[in-house]
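Below you'll find the structure, written out as structure tokens, and then a few comments.
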Amino acid sequence: MGAERSGSYGNRMPIRLFLLLICLCGALGVWARPALGQTGSPHAVPTIALSTIGDGIELINHALILRDPGAVLDLDQALTSPDWQWLGPDRRNAGITDDLFWIRFRLRNDTGTAQEVVASYDIANLTAFTAYVRVPDGSLTRTDVDPGLPYDQRAVASPLPAVSILLPAGEERDVTVAFGNAFPVPMNTDINLWSAAGFDRHTLLLTTFIVFLVGCLTTAAAFWLLYGAFMRQGRMVVYALYMTGLVAVYLSFTGVGEQILFPSTVWLRGLGFHWAMFCVGAACLEFARRHLDIARLHPGHDRFMRLGAAACLCMAVVSFPSRYPEIEAPLTFVAMTGAPLYVTWRSWIAWRRDGISYASWMVIGWGGVTASSVMGVFGSEMNLPYVDLSQAEFTRLVFACTVVESLLFSASLGQWLRGQEVRRIAAEAEASRDALTGLLNRRGFDAQVLHLKQAGLWPGRLWLALIDLDRFKEINDTYSHAAGDAVLTHFATMLRREFRANDVTVRFGGEEFILLFEAESEEAACSAVDRVRRRFAGTPTRYEGAMIGHTLSAGLVPVADGPDGDEATLIAMADAALYGAKKAGRNIVRASSELTDPEIAQRPAPGGSAELSPLIETATARQ
């Protein structure tokens, strides 16, 4: 019994210590909360001395907050409400809501000179932002910020909701700010205080940041649009449209477009940014579908992505003639998080399973956009003590990530283009090679001759040899065509071994081969070709236990002898020398200089073709 009791007590000890630790942490949190800036009861309006603050101070821990569901309170009802609470870090982000929020604080000018203070909110697209300033004699000043007003007609010239408060030296002002949105959006409760000069700098920096992002995206979009149009590559055009949609979102969402770039276009301000978000979602899905080759690799997902892109486009079209932001806003939040998440997953599949290497850039790019988008939407619900970010700052993080993403996607497109080029070069090389022997074919020979001419190496010290395997038909008839192929392969290997890598070795057709190589003299050229002849005659081809003996005959001509460097004439001259070697008994290398005019005249056109007869006649006339 005693042992049992002791063991049970020992097992409970960690649990009790854990509960005690939780209690201590809770007590520490309650004790530490006033240290965050709370003074007095929740109904005592906090006072902010201007000498103690700097530009951009947040009202977190310096104000009271009242949440007004349905926006039913007026100022007097709000001020007398018993529901005021301390504006601590735990109330920084208020979630996705259409509630109205009231913020109260007191400003005291203890600096000895008159001061102008600007109170601003970081999200441009609010439908309500009103500031009430009460002076000690009880009079009240009300300032409304109309989001539909142009930039230069607002109380404070800024794309952000902002009001200016003038404080004479030694005086105080009670300030109440009411703000909210007519339809649910992610909301944070941060109001920032600035000096007039500090707010001007903030506006300039914020505008510069947005213009920089817009400039990066616009430049990249223009490049890929032009390149895609000239190259007729749909994926590049769609990607350019994707970035153009992002530019439209940024300009509208931040107020920079409507208030700075085109303030007189009232109809454009009325469109909002949801239509652009739908276009971005459609372009996102379409680009990924094309770039990841979804149609070929995953037909089911291809249909899904087509349907998703079409749905986004339909919603974008509907958004133009009639605005229903209360419906559009939640749908754009879904598109903003769902599309990047889905495309990130498909990019991962393409990279790891389908072997598409350039999809790795999309995984990184879309992964960053997905993470920042999720934080941007759901960050409005996050009030973590060590995450000092408002919903507006989460949104700017999304903007920055999309610019980084555009650079990564450009890298992905560049890698895809490089792969296309490599495949094109490989296809051209394959088309220029003989499939059996790996030597150049006629097409490859023509390309090499053109290259030598363009490089100024033609004619130089080049020699052309035309080689024919003796009695090759008898080999095919005696041992089979497969044995004949083995002989051809054996000879091609010998040519590569005997001649340098920069010499041109060609299977001209059937059992005929061409050599194009450098030699100092006719003697050296004949010696090189004769070395191949002797080795070929001395090394029979082994095929299925049989030793196949063989010989070759060759005709040799200096390239410099061809009129105007015409390779067709050179081949005809070499062919005449080859014919002379055949008539002399085969297994001989003969140079064109050894031929007599009757020998040239007696040689029929190669392969029985009449098209080379004039060339032979030209060679005859030349000699």
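If you're wondering about the labels, chains in the structure tokens are A, B, ... by order shown, residues count from 1 in each chain, ligands from 1 in order shown.
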
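On the backbone of this structure, DSSP gives strand (DSSP E or B) within stretch 380-542 of chain A to Arg433, Leu440, Leu462, Trp463, Leu464, Ala465, Leu466, Ile467, Asp468, Leu469, Val504, Thr505, Val506, Arg507, Phe508, Gly509, Glu512, Phe513, Ile514, Leu515, Leu516, Phe517, Glu518, Thr541 and Arg542 of chain A.
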
Would you export the selected residues with C-alpha atoms as an mmCIF file, in the first residue's frame, please?
```cif
data_model
loop_
_atom_site.group_PDB
_atom_site.id
_atom_site.type_symbol
_atom_site.label_atom_id
_atom_site.label_comp_id
_atom_site.auth_asym_id
_atom_site.auth_seq_id
_atom_site.Cartn_x
_atom_site.Cartn_y
_atom_site.Cartn_z
ATOM 1 C CA ARG A 433 24.125 12.591 -88.103
ATOM 2 C CA LEU A 440 27.786 13.264 -90.360
ATOM 3 C CA LEU A 462 41.946 21.065 -97.122
ATOM 4 C CA TRP A 463 41.685 17.799 -99.044
ATOM 5 C CA LEU A 464 38.538 15.874 -99.900
ATOM 6 C CA ALA A 465 38.538 12.085 -100.168
ATOM 7 C CA LEU A 466 35.620 10.035 -101.474
ATOM 8 C CA ILE A 467 35.755 6.433 -100.208
ATOM 9 C CA ASP A 468 33.775 3.421 -101.383
ATOM 10 C CA LEU A 469 33.844 -0.021 -99.709
ATOM 11 C CA VAL A 504 35.030 16.092 -91.179
ATOM 12 C CA THR A 505 33.960 12.444 -91.525
ATOM 13 C CA VAL A 506 30.755 11.775 -93.460
ATOM 14 C CA ARG A 507 28.673 8.802 -94.477
ATOM 15 C CA PHE A 508 27.676 10.147 -97.856
ATOM 16 C CA GLY A 509 25.268 7.351 -98.697
ATOM 17 C CA GLU A 512 30.253 5.752 -99.655
ATOM 18 C CA PHE A 513 32.121 8.030 -97.246
ATOM 19 C CA ILE A 514 33.706 11.479 -97.467
ATOM 20 C CA LEU A 515 36.749 12.757 -95.598
ATOM 21 C CA LEU A 516 37.575 16.472 -95.349
ATOM 22 C CA PHE A 517 40.909 17.070 -93.645
ATOM 23 C CA GLU A 518 44.046 19.209 -93.682
ATOM 24 C CA THR A 541 35.014 -7.400 -89.072
ATOM 25 C CA ARG A 542 33.936 -10.080 -86.583
#
```

All residues 8 Å or closer to A:Gly281, only C-alpha atoms, same chain fewer than 4 positions away omitted, as number ranges by chain: A: 277, 285, 309, 312, 335-336, 339

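Between atom CA of A:Ala276 and atom CA of A:Ser252 lies a distance of 9.0 Å.
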
Helix (DSSP H, G or I) residues, from DSSP on the backbone, in stretch 179-323 of chain A, as a ChimeraX atom specification: /A:196-231,234-253,256-261,266-271,274-291,294-297,299-319

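Distances here use only C-alpha atoms; by that measure, the residue among A:Val422, A:Ala131, A:Leu452, A:Cys284 closest to A:Val369 is A:Cys284.
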